[in-house]
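Novice: Attaching a single structure in structure tokens format; questions to follow.
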Amino acid sequence: MALPRVIMHVDLDYFFAQVEEVNNPNVKGKPVIVCVYSGRTADSGAVSTANYLAREVGIRSGMPIILAKRMVKDREAVFLPVNHSLYKSVSDRVMELLRENSDRFEQVSIDEAYLDASVKTRGDFKSAARLASDIKKIVREKEGLTCSIGVGPNKLVAKIASDFKKPDGLTVVRPDEVTTFIAPLPVDRIPGIGKKTETKMKEIGIRTVEDLAGQDHERLRETFGEKLGTYFLNSSRGMDDEPVQEREMAEQLSRIITLKQNTRDLALILGELPRIVSDIEARLQREELASASVGVILIDEKLEVHTRSKKLDNPTASQEEILVASKDLIEKFLNEEPDTILRRVGIKLSDLARKGEQKSLGEFLSH
Ligand code: DCP
Ligand code: CA
């Protein structure tokens with residue numbers, strides 16, 4: 001009989017906020033809230049993530065900063081702006097450690113990855129549990145970070161397991177335990193089942209994974225369509241045969257900001273470009289990438305999105321060139337659209353290639 005697959009899902013705990021704790025030890029022990037400031041007023045913007053002390057009082061990703069401030073008003077809380085380049089460099093190092101400890105590796109986001117360890121562990125889940133706890137130890141020793149790991153016979157079960165105990169969790173689900181592990185969970189633990197699907201399922205009496213597993217295939221296909229219906233049914237039985245595979249790098253890189261006020265004043269808009277460009281250029285440099293196409297994303301006061309782009313003769317990573325190209329595009333756009341007032345402005349680079357290389361970028365670049 002073939003050995004079972006051994007798959008892990010590793011998820012770094014409260015990632016941006018934890019990196020901030022490691023970076024500034026004096027914030028440890030306080031609620032830490034990492035924010036995306038829109039720049040409109042001192043406190044406008046949203047919470048990116050928060051540590052568990054802040055989550056205890058109800059602070060969540062996506063919440064307005066003003067609301068989060070109210071929730072910790074009687075505590076000594078720390079509010080910090082996102083420092084993406086810091087998180088990216090920590091993430092790169094952690095991903096490398098994870099990659100080294102796997103047969104096959106797939107990064108899914110800045111703080112999550114799947115590892116296939118079937119060969120390394122010879123399909124043995126005891127050995128997998130040891131490997132997972134070694135990985136947690138290495139990440140803690142090298143970077144000072146905790147993570148939560150789920151181990152299972154496939155990606156689906158591994159992902160659900162990593163979410164089962166957080167933070168600093170380790171949940172191992174052997175093939176013979178899959179059904180008992182997932183049956184009692186609420187259906188929204190299955191990746192892809194969000195609020196809308198969950199509500200729809202509730203209406204037809206499905207609350208737990210077990211309820212879902214007991215459904216008639218035909219009925220699920222009628223309600224959710226062929227593809228989703230089949231996916232839901234397989235998932236409810238803990239079945240998944242998606243391989244762990246290295247992802248292709250994203251083909252584009254973008255950054256967008258909200259203007260301090262809605263405007264079509266060219267000088268005001270151009271004044272904001274250098275900070276977008278320098279951020280983008282830092283990312284290009286770090287990844288040793290160059291771009292052959294510069295684009296602008298312009299969102300007007302009615303929230304309509306306009307894009308313009310131009311191809312460059314030679315791929316570039318130069319701030320100067322990106323700046324000049326974006327200025328031209330914005331100027332041209334404003335001339336073409338005399339009534340449009342802008343709210344947000346962004347730059348998008350596409351046709352990315354490793355410097356000195358034609359293509360084939362075997363590395364995933366998040367965001
Ligand atoms: N993030 C964000 N806005 C969101 C969700 C996430 O900016 N709405 C960022 C901040 C997170 C990072 O992405 O640190 C990873 O997202 P996760 O959903 O994994 O959340 P955390 O790592 O913060 O928390 P957890 O401990 O629950 O994994
Ligand atoms: Ca996380």
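Residues in the structure tokens are named by chain (A, B, ... in the order shown) and by number from 1 within that chain; ligands are numbered from 1 in the order shown.
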Enumerate, in order of chain and increasing residue number, the residues of chain A with an atom no farther than 8 Å from ligand 2, each with its shortest atom pair and distance in Å to one decimal, counting only C-alpha atoms and all ligand atoms, as a tab-separated table.
Specialist:
```
residue	atom	partner	partner_atom_place_in_ligand_line	distance
A:Asp11	CA	ligand 2	1 (Ca)	4.8
A:Leu12	CA	ligand 2	1 (Ca)	4.4
A:Asp13	CA	ligand 2	1 (Ca)	4.5
A:Tyr14	CA	ligand 2	1 (Ca)	5.2
A:Phe15	CA	ligand 2	1 (Ca)	5.3
A:Asp111	CA	ligand 2	1 (Ca)	5.6
A:Glu112	CA	ligand 2	1 (Ca)	6.6
A:Cys147	CA	ligand 2	1 (Ca)	7.7
```
Novice: Please, could you write that set of residues out with all heavy atoms as a PDB file, in the first residue's frame?
Specialist:
```
ATOM      1  N   ASP A  11       1.320  28.626   9.887  1.00  0.00           N
ATOM      2  CA  ASP A  11       0.734  29.973   9.900  1.00  0.00           C
ATOM      3  C   ASP A  11       1.378  30.750  11.041  1.00  0.00           C
ATOM      4  O   ASP A  11       1.274  30.354  12.205  1.00  0.00           O
ATOM      5  CB  ASP A  11      -0.790  29.837  10.111  1.00  0.00           C
ATOM      6  CG  ASP A  11      -1.523  31.169  10.032  1.00  0.00           C
ATOM      7  OD1 ASP A  11      -0.857  32.227  10.060  1.00  0.00           O
ATOM      8  OD2 ASP A  11      -2.759  31.145   9.958  1.00  0.00           O
ATOM      9  N   LEU A  12       2.083  31.806  10.721  1.00  0.00           N
ATOM     10  CA  LEU A  12       2.722  32.619  11.763  1.00  0.00           C
ATOM     11  C   LEU A  12       1.646  33.369  12.536  1.00  0.00           C
ATOM     12  O   LEU A  12       0.702  33.891  11.958  1.00  0.00           O
ATOM     13  CB  LEU A  12       3.728  33.592  11.130  1.00  0.00           C
ATOM     14  CG  LEU A  12       4.912  32.873  10.463  1.00  0.00           C
ATOM     15  CD1 LEU A  12       5.613  33.787   9.469  1.00  0.00           C
ATOM     16  CD2 LEU A  12       5.900  32.383  11.506  1.00  0.00           C
ATOM     17  N   ASP A  13       1.795  33.393  13.863  1.00  0.00           N
ATOM     18  CA  ASP A  13       0.784  34.014  14.711  1.00  0.00           C
ATOM     19  C   ASP A  13       0.819  35.547  14.611  1.00  0.00           C
ATOM     20  O   ASP A  13       1.901  36.129  14.543  1.00  0.00           O
ATOM     21  CB  ASP A  13       1.010  33.591  16.162  1.00  0.00           C
ATOM     22  CG  ASP A  13       0.881  32.081  16.331  1.00  0.00           C
ATOM     23  OD1 ASP A  13      -0.003  31.488  15.693  1.00  0.00           O
ATOM     24  OD2 ASP A  13       1.665  31.499  17.111  1.00  0.00           O
ATOM     25  N   TYR A  14      -0.379  36.145  14.683  1.00  0.00           N
ATOM     26  CA  TYR A  14      -0.577  37.614  14.644  1.00  0.00           C
ATOM     27  C   TYR A  14       0.645  38.294  14.016  1.00  0.00           C
ATOM     28  O   TYR A  14       1.294  39.147  14.609  1.00  0.00           O
ATOM     29  CB  TYR A  14      -0.917  38.168  16.034  1.00  0.00           C
ATOM     30  CG  TYR A  14       0.095  37.993  17.147  1.00  0.00           C
ATOM     31  CD1 TYR A  14       0.880  39.073  17.558  1.00  0.00           C
ATOM     32  CD2 TYR A  14       0.277  36.771  17.807  1.00  0.00           C
ATOM     33  CE1 TYR A  14       1.814  38.934  18.573  1.00  0.00           C
ATOM     34  CE2 TYR A  14       1.202  36.625  18.819  1.00  0.00           C
ATOM     35  CZ  TYR A  14       1.970  37.711  19.193  1.00  0.00           C
ATOM     36  OH  TYR A  14       2.896  37.570  20.202  1.00  0.00           O
ATOM     37  N   PHE A  15       0.884  37.951  12.747  1.00  0.00           N
ATOM     38  CA  PHE A  15       2.195  38.146  12.156  1.00  0.00           C
ATOM     39  C   PHE A  15       2.781  39.562  12.247  1.00  0.00           C
ATOM     40  O   PHE A  15       3.840  39.764  12.841  1.00  0.00           O
ATOM     41  CB  PHE A  15       2.205  37.645  10.716  1.00  0.00           C
ATOM     42  CG  PHE A  15       3.561  37.747  10.082  1.00  0.00           C
ATOM     43  CD1 PHE A  15       4.682  37.221  10.713  1.00  0.00           C
ATOM     44  CD2 PHE A  15       3.730  38.380   8.866  1.00  0.00           C
ATOM     45  CE1 PHE A  15       5.946  37.321  10.152  1.00  0.00           C
ATOM     46  CE2 PHE A  15       4.984  38.481   8.296  1.00  0.00           C
ATOM     47  CZ  PHE A  15       6.091  37.959   8.935  1.00  0.00           C
ATOM     48  N   ASP A 111       2.598  35.108   5.419  1.00  0.00           N
ATOM     49  CA  ASP A 111       2.843  34.368   6.663  1.00  0.00           C
ATOM     50  C   ASP A 111       2.300  32.940   6.695  1.00  0.00           C
ATOM     51  O   ASP A 111       2.148  32.378   7.767  1.00  0.00           O
ATOM     52  CB  ASP A 111       2.326  35.173   7.862  1.00  0.00           C
ATOM     53  CG  ASP A 111       0.831  35.096   8.015  1.00  0.00           C
ATOM     54  OD1 ASP A 111       0.135  34.953   6.997  1.00  0.00           O
ATOM     55  OD2 ASP A 111       0.349  35.165   9.160  1.00  0.00           O
ATOM     56  N   GLU A 112       2.018  32.379   5.520  1.00  0.00           N
ATOM     57  CA  GLU A 112       1.497  31.010   5.493  1.00  0.00           C
ATOM     58  C   GLU A 112       2.155  30.182   4.409  1.00  0.00           C
ATOM     59  O   GLU A 112       2.417  30.680   3.317  1.00  0.00           O
ATOM     60  CB  GLU A 112      -0.002  31.019   5.162  1.00  0.00           C
ATOM     61  CG  GLU A 112      -0.882  31.415   6.305  1.00  0.00           C
ATOM     62  CD  GLU A 112      -2.346  31.451   5.892  1.00  0.00           C
ATOM     63  OE1 GLU A 112      -2.791  30.542   5.158  1.00  0.00           O
ATOM     64  OE2 GLU A 112      -3.026  32.402   6.298  1.00  0.00           O
ATOM     65  N   CYS A 147       4.476  30.185  15.810  1.00  0.00           N
ATOM     66  CA  CYS A 147       3.580  29.900  14.696  1.00  0.00           C
ATOM     67  C   CYS A 147       2.648  28.771  15.091  1.00  0.00           C
ATOM     68  O   CYS A 147       2.877  28.104  16.108  1.00  0.00           O
ATOM     69  CB  CYS A 147       4.372  29.517  13.440  1.00  0.00           C
ATOM     70  SG  CYS A 147       5.438  28.083  13.656  1.00  0.00           S
TER      71      CYS A 147
END
```
Novice: Identify, counting only C-alpha atoms and all ligand atoms, the protein, DNA and RNA residues located within 9 Å of ligand 1, and give them as a VMD selection string.
Specialist: chain A and resid 11 to 19 34 to 36 46 to 52 60 to 63 82 87 109 to 112 147 to 148 163 166 to 168
Novice: With N, CA, C and O atoms retained, write the just-selected residues as a compact mmCIF listing (two decimals), in the first residue's frame.
Specialist:
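Written output follows (part-v1.txt):
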```
# COMPACT_ATOMS: atom_id res chain seq x y z
N ASP A 11 1.32 28.63 9.89
CA ASP A 11 0.73 29.97 9.90
C ASP A 11 1.38 30.75 11.04
O ASP A 11 1.27 30.35 12.20
N LEU A 12 2.08 31.81 10.72
CA LEU A 12 2.72 32.62 11.76
C LEU A 12 1.65 33.37 12.54
O LEU A 12 0.70 33.89 11.96
N ASP A 13 1.79 33.39 13.86
CA ASP A 13 0.78 34.01 14.71
C ASP A 13 0.82 35.55 14.61
O ASP A 13 1.90 36.13 14.54
N TYR A 14 -0.38 36.15 14.68
CA TYR A 14 -0.58 37.61 14.64
C TYR A 14 0.64 38.29 14.02
O TYR A 14 1.29 39.15 14.61
N PHE A 15 0.88 37.95 12.75
CA PHE A 15 2.20 38.15 12.16
C PHE A 15 2.78 39.56 12.25
O PHE A 15 3.84 39.76 12.84
N PHE A 16 2.11 40.56 11.65
CA PHE A 16 2.73 41.90 11.64
C PHE A 16 2.99 42.38 13.08
O PHE A 16 4.04 42.97 13.37
N ALA A 17 2.01 42.13 13.96
CA ALA A 17 2.14 42.61 15.33
C ALA A 17 3.24 41.85 16.08
O ALA A 17 3.96 42.42 16.89
N GLN A 18 3.39 40.56 15.76
CA GLN A 18 4.43 39.79 16.44
C GLN A 18 5.83 40.25 15.99
O GLN A 18 6.76 40.33 16.80
N VAL A 19 5.96 40.56 14.72
CA VAL A 19 7.24 41.08 14.24
C VAL A 19 7.56 42.39 14.96
O VAL A 19 8.70 42.63 15.37
N VAL A 34 -1.30 47.13 14.77
CA VAL A 34 -0.61 47.59 13.57
C VAL A 34 -1.66 48.14 12.61
O VAL A 34 -2.68 47.49 12.36
N CYS A 35 -1.41 49.37 12.12
CA CYS A 35 -2.47 50.08 11.41
C CYS A 35 -2.04 50.52 10.01
O CYS A 35 -0.88 50.83 9.77
N VAL A 36 -3.03 50.57 9.11
CA VAL A 36 -2.81 51.20 7.82
C VAL A 36 -3.46 52.58 7.92
O VAL A 36 -4.68 52.69 7.93
N ALA A 46 -7.39 51.83 8.97
CA ALA A 46 -7.92 50.57 9.49
C ALA A 46 -6.83 49.75 10.18
O ALA A 46 -5.64 49.90 9.90
N VAL A 47 -7.27 48.88 11.07
CA VAL A 47 -6.35 47.97 11.76
C VAL A 47 -5.93 46.87 10.78
O VAL A 47 -6.77 46.25 10.13
N SER A 48 -4.62 46.66 10.68
CA SER A 48 -4.11 45.60 9.83
C SER A 48 -4.13 44.30 10.63
O SER A 48 -4.71 43.30 10.21
N THR A 49 -3.52 44.30 11.79
CA THR A 49 -3.65 43.16 12.71
C THR A 49 -3.27 43.62 14.10
O THR A 49 -2.76 44.74 14.27
N ALA A 50 -3.51 42.78 15.09
CA ALA A 50 -3.24 43.16 16.47
C ALA A 50 -2.78 41.93 17.24
O ALA A 50 -3.11 40.81 16.86
N ASN A 51 -2.02 42.14 18.31
CA ASN A 51 -1.60 40.99 19.11
C ASN A 51 -2.77 40.48 19.96
O ASN A 51 -3.85 41.08 19.98
N TYR A 52 -2.55 39.36 20.66
CA TYR A 52 -3.67 38.74 21.37
C TYR A 52 -4.17 39.58 22.53
O TYR A 52 -5.34 39.53 22.87
N ARG A 60 -9.94 43.80 15.99
CA ARG A 60 -9.84 42.86 14.87
C ARG A 60 -9.26 43.54 13.63
O ARG A 60 -9.42 44.75 13.46
N SER A 61 -8.67 42.73 12.72
CA SER A 61 -8.22 43.24 11.42
C SER A 61 -9.39 43.90 10.70
O SER A 61 -10.51 43.38 10.72
N GLY A 62 -9.09 45.03 10.07
CA GLY A 62 -10.11 45.68 9.25
C GLY A 62 -10.94 46.72 9.99
O GLY A 62 -11.64 47.54 9.38
N MET A 63 -10.84 46.73 11.32
CA MET A 63 -11.63 47.66 12.14
C MET A 63 -11.07 49.08 12.01
O MET A 63 -9.86 49.24 11.90
N VAL A 82 2.01 50.16 9.57
CA VAL A 82 2.57 48.96 8.94
C VAL A 82 3.96 49.27 8.37
O VAL A 82 4.19 50.34 7.82
N TYR A 87 8.33 43.31 7.52
CA TYR A 87 7.61 42.02 7.59
C TYR A 87 8.03 41.11 6.44
O TYR A 87 8.15 39.91 6.60
N SER A 109 1.05 32.97 1.38
CA SER A 109 0.92 34.40 1.63
C SER A 109 2.15 34.82 2.42
O SER A 109 3.05 34.01 2.63
N ILE A 110 2.17 36.06 2.86
CA ILE A 110 3.37 36.53 3.57
C ILE A 110 3.64 35.71 4.84
O ILE A 110 4.78 35.56 5.25
N ASP A 111 2.60 35.11 5.42
CA ASP A 111 2.84 34.37 6.66
C ASP A 111 2.30 32.94 6.70
O ASP A 111 2.15 32.38 7.77
N GLU A 112 2.02 32.38 5.52
CA GLU A 112 1.50 31.01 5.49
C GLU A 112 2.16 30.18 4.41
O GLU A 112 2.42 30.68 3.32
N CYS A 147 4.48 30.19 15.81
CA CYS A 147 3.58 29.90 14.70
C CYS A 147 2.65 28.77 15.09
O CYS A 147 2.88 28.10 16.11
N SER A 148 1.61 28.56 14.31
CA SER A 148 0.71 27.45 14.55
C SER A 148 0.81 26.51 13.37
O SER A 148 0.80 26.95 12.22
N ASP A 163 -5.46 26.02 12.15
CA ASP A 163 -6.37 27.02 12.67
C ASP A 163 -7.02 26.56 13.98
O ASP A 163 -7.61 27.35 14.70
N LYS A 166 -4.59 28.13 18.22
CA LYS A 166 -3.78 29.32 17.97
C LYS A 166 -3.77 30.14 19.23
O LYS A 166 -4.78 30.18 19.92
N PRO A 167 -2.76 30.91 19.54
CA PRO A 167 -1.45 30.91 18.89
C PRO A 167 -0.57 29.77 19.42
O PRO A 167 -0.93 29.13 20.39
N ASP A 168 0.56 29.59 18.79
CA ASP A 168 1.59 28.63 19.21
C ASP A 168 1.05 27.21 19.28
O ASP A 168 1.41 26.44 20.15
```
Novice: Looking at only C-alpha atoms, which of A:Ala129, A:Val57, A:Tyr114, A:Met201 is the one that sits closest to Lys73 of chain A?
Specialist: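 With only C-alpha atoms as the atom set, the closest residue is A:Val57.
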Novice: Between atom CA of His217 of chain A and atom CA of Leu233 of chain A, what is the spacing in Å?
Specialist: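 Separating atom CA of Leu233 of chain A from atom CA of His217 of chain A is a distance of 7.0 Å.
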Novice: Kindly give the distance, in Å, that separates atom CA of Arg344 of chain A and atom CA of Asn83 of chain A, rounded to a single decimal.
Specialist: 20.2 Å
Novice: Quick one: everything within 8 Å of Ile66 of chain A, counting only C-alpha atoms, minus sequence neighbours fewer than 4 positions away in the same chain. Send it as a PyMOL selection string.
Specialist: chain A and resi 43-44+70
Novice: Can you write just those residues out, C-alpha atoms, as a PDB file, in the first residue's frame?
Specialist:
```
ATOM      1  CA  ASP A  43      -6.508  58.527  13.156  1.00  0.00           C
ATOM      2  CA  SER A  44      -8.206  57.616   9.905  1.00  0.00           C
ATOM      3  CA  ARG A  70     -11.738  53.538  22.024  1.00  0.00           C
TER       4      ARG A  70
END
```
Novice: Enumerate the residues of segment 44-279 of chain A with a DSSP assignment of helix (DSSP H, G or I), computed from the backbone, and present them as a short mmCIF file (atom, residue, chain, number, x, y, z; two decimals) with C-alpha atoms, in the first residue's frame.
Specialist:
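Output (out_33.cif):
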```cif
data_model
loop_
_atom_site.label_atom_id
_atom_site.label_comp_id
_atom_site.auth_asym_id
_atom_site.auth_seq_id
_atom_site.Cartn_x
_atom_site.Cartn_y
_atom_site.Cartn_z
CA TYR A 52 -3.67 38.74 21.37
CA LEU A 53 -3.76 41.28 24.23
CA ALA A 54 -5.51 43.68 21.85
CA ARG A 55 -7.74 40.91 20.48
CA GLU A 56 -8.89 40.19 24.05
CA ILE A 65 -8.42 52.76 14.04
CA ILE A 66 -10.68 55.17 15.91
CA LEU A 67 -12.81 52.31 17.16
CA ALA A 68 -9.74 50.32 18.22
CA LYS A 69 -8.46 53.36 20.16
CA ARG A 70 -11.74 53.54 22.02
CA MET A 71 -11.51 49.87 22.96
CA HIS A 84 5.80 46.14 5.08
CA SER A 85 9.44 45.89 4.12
CA LEU A 86 10.33 44.71 7.63
CA TYR A 87 7.61 42.02 7.59
CA LYS A 88 8.64 40.92 4.12
CA SER A 89 12.28 40.43 5.07
CA VAL A 90 11.36 38.48 8.23
CA SER A 91 8.91 36.43 6.15
CA ASP A 92 11.56 35.66 3.53
CA ARG A 93 13.90 34.29 6.18
CA VAL A 94 11.20 32.20 7.85
CA MET A 95 10.04 30.82 4.49
CA GLU A 96 13.59 29.75 3.75
CA LEU A 97 13.75 27.84 7.07
CA LEU A 98 10.45 26.15 6.25
CA ARG A 99 11.56 25.29 2.74
CA GLU A 100 14.73 23.67 4.10
CA PHE A 125 2.79 10.83 11.62
CA LYS A 126 4.85 10.42 14.82
CA SER A 127 7.90 11.52 12.92
CA ALA A 128 5.80 14.33 11.38
CA ALA A 129 4.82 15.55 14.85
CA ARG A 130 8.52 15.67 15.80
CA LEU A 131 9.41 17.53 12.62
CA ALA A 132 6.62 20.05 13.22
CA SER A 133 7.75 20.73 16.76
CA ASP A 134 11.36 21.04 15.55
CA ILE A 135 10.21 23.60 12.98
CA LYS A 136 8.40 25.59 15.67
CA LYS A 137 11.58 25.53 17.76
CA ILE A 138 13.79 26.67 14.87
CA VAL A 139 11.48 29.55 13.98
CA ARG A 140 11.36 30.61 17.64
CA GLU A 141 15.12 30.39 18.08
CA LYS A 142 16.09 32.07 14.82
CA GLU A 143 13.41 34.76 14.61
CA LYS A 155 -3.63 20.42 2.44
CA LEU A 156 -7.26 20.79 3.45
CA VAL A 157 -6.89 18.94 6.75
CA ALA A 158 -3.51 20.58 7.47
CA LYS A 159 -5.04 24.04 6.97
CA ILE A 160 -8.04 23.33 9.19
CA ALA A 161 -5.69 21.83 11.81
CA SER A 162 -3.36 24.85 11.91
CA ASP A 163 -6.37 27.02 12.67
CA PHE A 164 -7.61 24.64 15.38
CA PRO A 175 -5.42 9.73 8.43
CA ASP A 176 -7.60 7.54 10.68
CA GLU A 177 -8.59 10.58 12.78
CA VAL A 178 -9.70 12.85 9.94
CA THR A 179 -13.41 12.14 10.14
CA THR A 180 -13.69 12.49 13.92
CA PHE A 181 -11.57 15.64 13.81
CA ILE A 182 -13.54 17.55 11.21
CA VAL A 187 -18.77 24.49 8.19
CA ASP A 188 -17.02 27.84 7.90
CA ARG A 189 -13.76 26.14 8.90
CA LYS A 195 -20.20 34.33 5.43
CA LYS A 196 -22.45 34.12 2.36
CA THR A 197 -22.09 30.38 1.80
CA GLU A 198 -22.38 29.75 5.52
CA THR A 199 -25.71 31.59 5.64
CA LYS A 200 -26.98 29.70 2.61
CA MET A 201 -25.96 26.42 4.22
CA LYS A 202 -27.67 27.33 7.50
CA GLU A 203 -30.89 27.94 5.59
CA VAL A 209 -19.05 19.58 8.67
CA GLU A 210 -20.89 16.40 9.60
CA ASP A 211 -24.20 17.94 8.41
CA LEU A 212 -22.49 18.80 5.15
CA ALA A 213 -21.06 15.29 4.74
CA HIS A 217 -24.46 15.18 -3.79
CA GLU A 218 -27.16 16.07 -6.30
CA ARG A 219 -28.74 18.59 -3.95
CA LEU A 220 -25.41 20.29 -3.22
CA ARG A 221 -24.66 20.52 -6.91
CA GLU A 222 -28.06 22.09 -7.54
CA THR A 223 -27.56 24.64 -4.77
CA PHE A 224 -23.90 25.56 -5.29
CA GLU A 226 -21.17 21.45 -10.09
CA LYS A 227 -17.68 22.53 -9.07
CA LEU A 228 -18.39 23.99 -5.63
CA GLY A 229 -20.92 21.32 -4.73
CA THR A 230 -18.36 18.61 -5.38
CA TYR A 231 -15.62 20.55 -3.56
CA PHE A 232 -17.84 21.03 -0.49
CA LEU A 233 -18.77 17.38 -0.35
CA ASN A 234 -15.19 16.14 -0.74
CA SER A 235 -14.00 18.66 1.85
CA SER A 236 -16.65 17.60 4.35
CA LEU A 266 -1.50 67.81 -10.91
CA ALA A 267 1.10 69.28 -8.55
CA LEU A 268 -0.68 67.92 -5.48
CA ILE A 269 -0.97 64.47 -7.01
CA LEU A 270 2.60 64.39 -8.24
CA GLY A 271 3.72 65.38 -4.76
CA GLU A 272 2.47 62.01 -3.51
CA LEU A 273 4.23 59.96 -6.15
CA PRO A 274 7.75 59.84 -4.70
CA ARG A 275 6.65 57.95 -1.59
CA ILE A 276 4.76 55.38 -3.68
CA VAL A 277 7.67 55.00 -6.05
CA SER A 278 10.28 54.68 -3.32
CA ASP A 279 8.24 51.96 -1.65
#
```
Novice: Using only C-alpha atoms, which residues sit within 12 Å of segment 301-311 of chain A once same-chain residues fewer than 4 positions away are excluded, as JSON, numbers by chain?
Specialist: {"A": [256, 258, 259, 261, 262, 263, 264, 291, 292, 293, 294, 295, 296, 297, 315, 316, 321, 322, 324, 325, 326, 327, 328, 329, 330, 331, 332, 333, 334, 336, 337, 339, 340, 341, 342, 343, 344, 345, 346, 347, 348, 349, 350, 351, 352]}
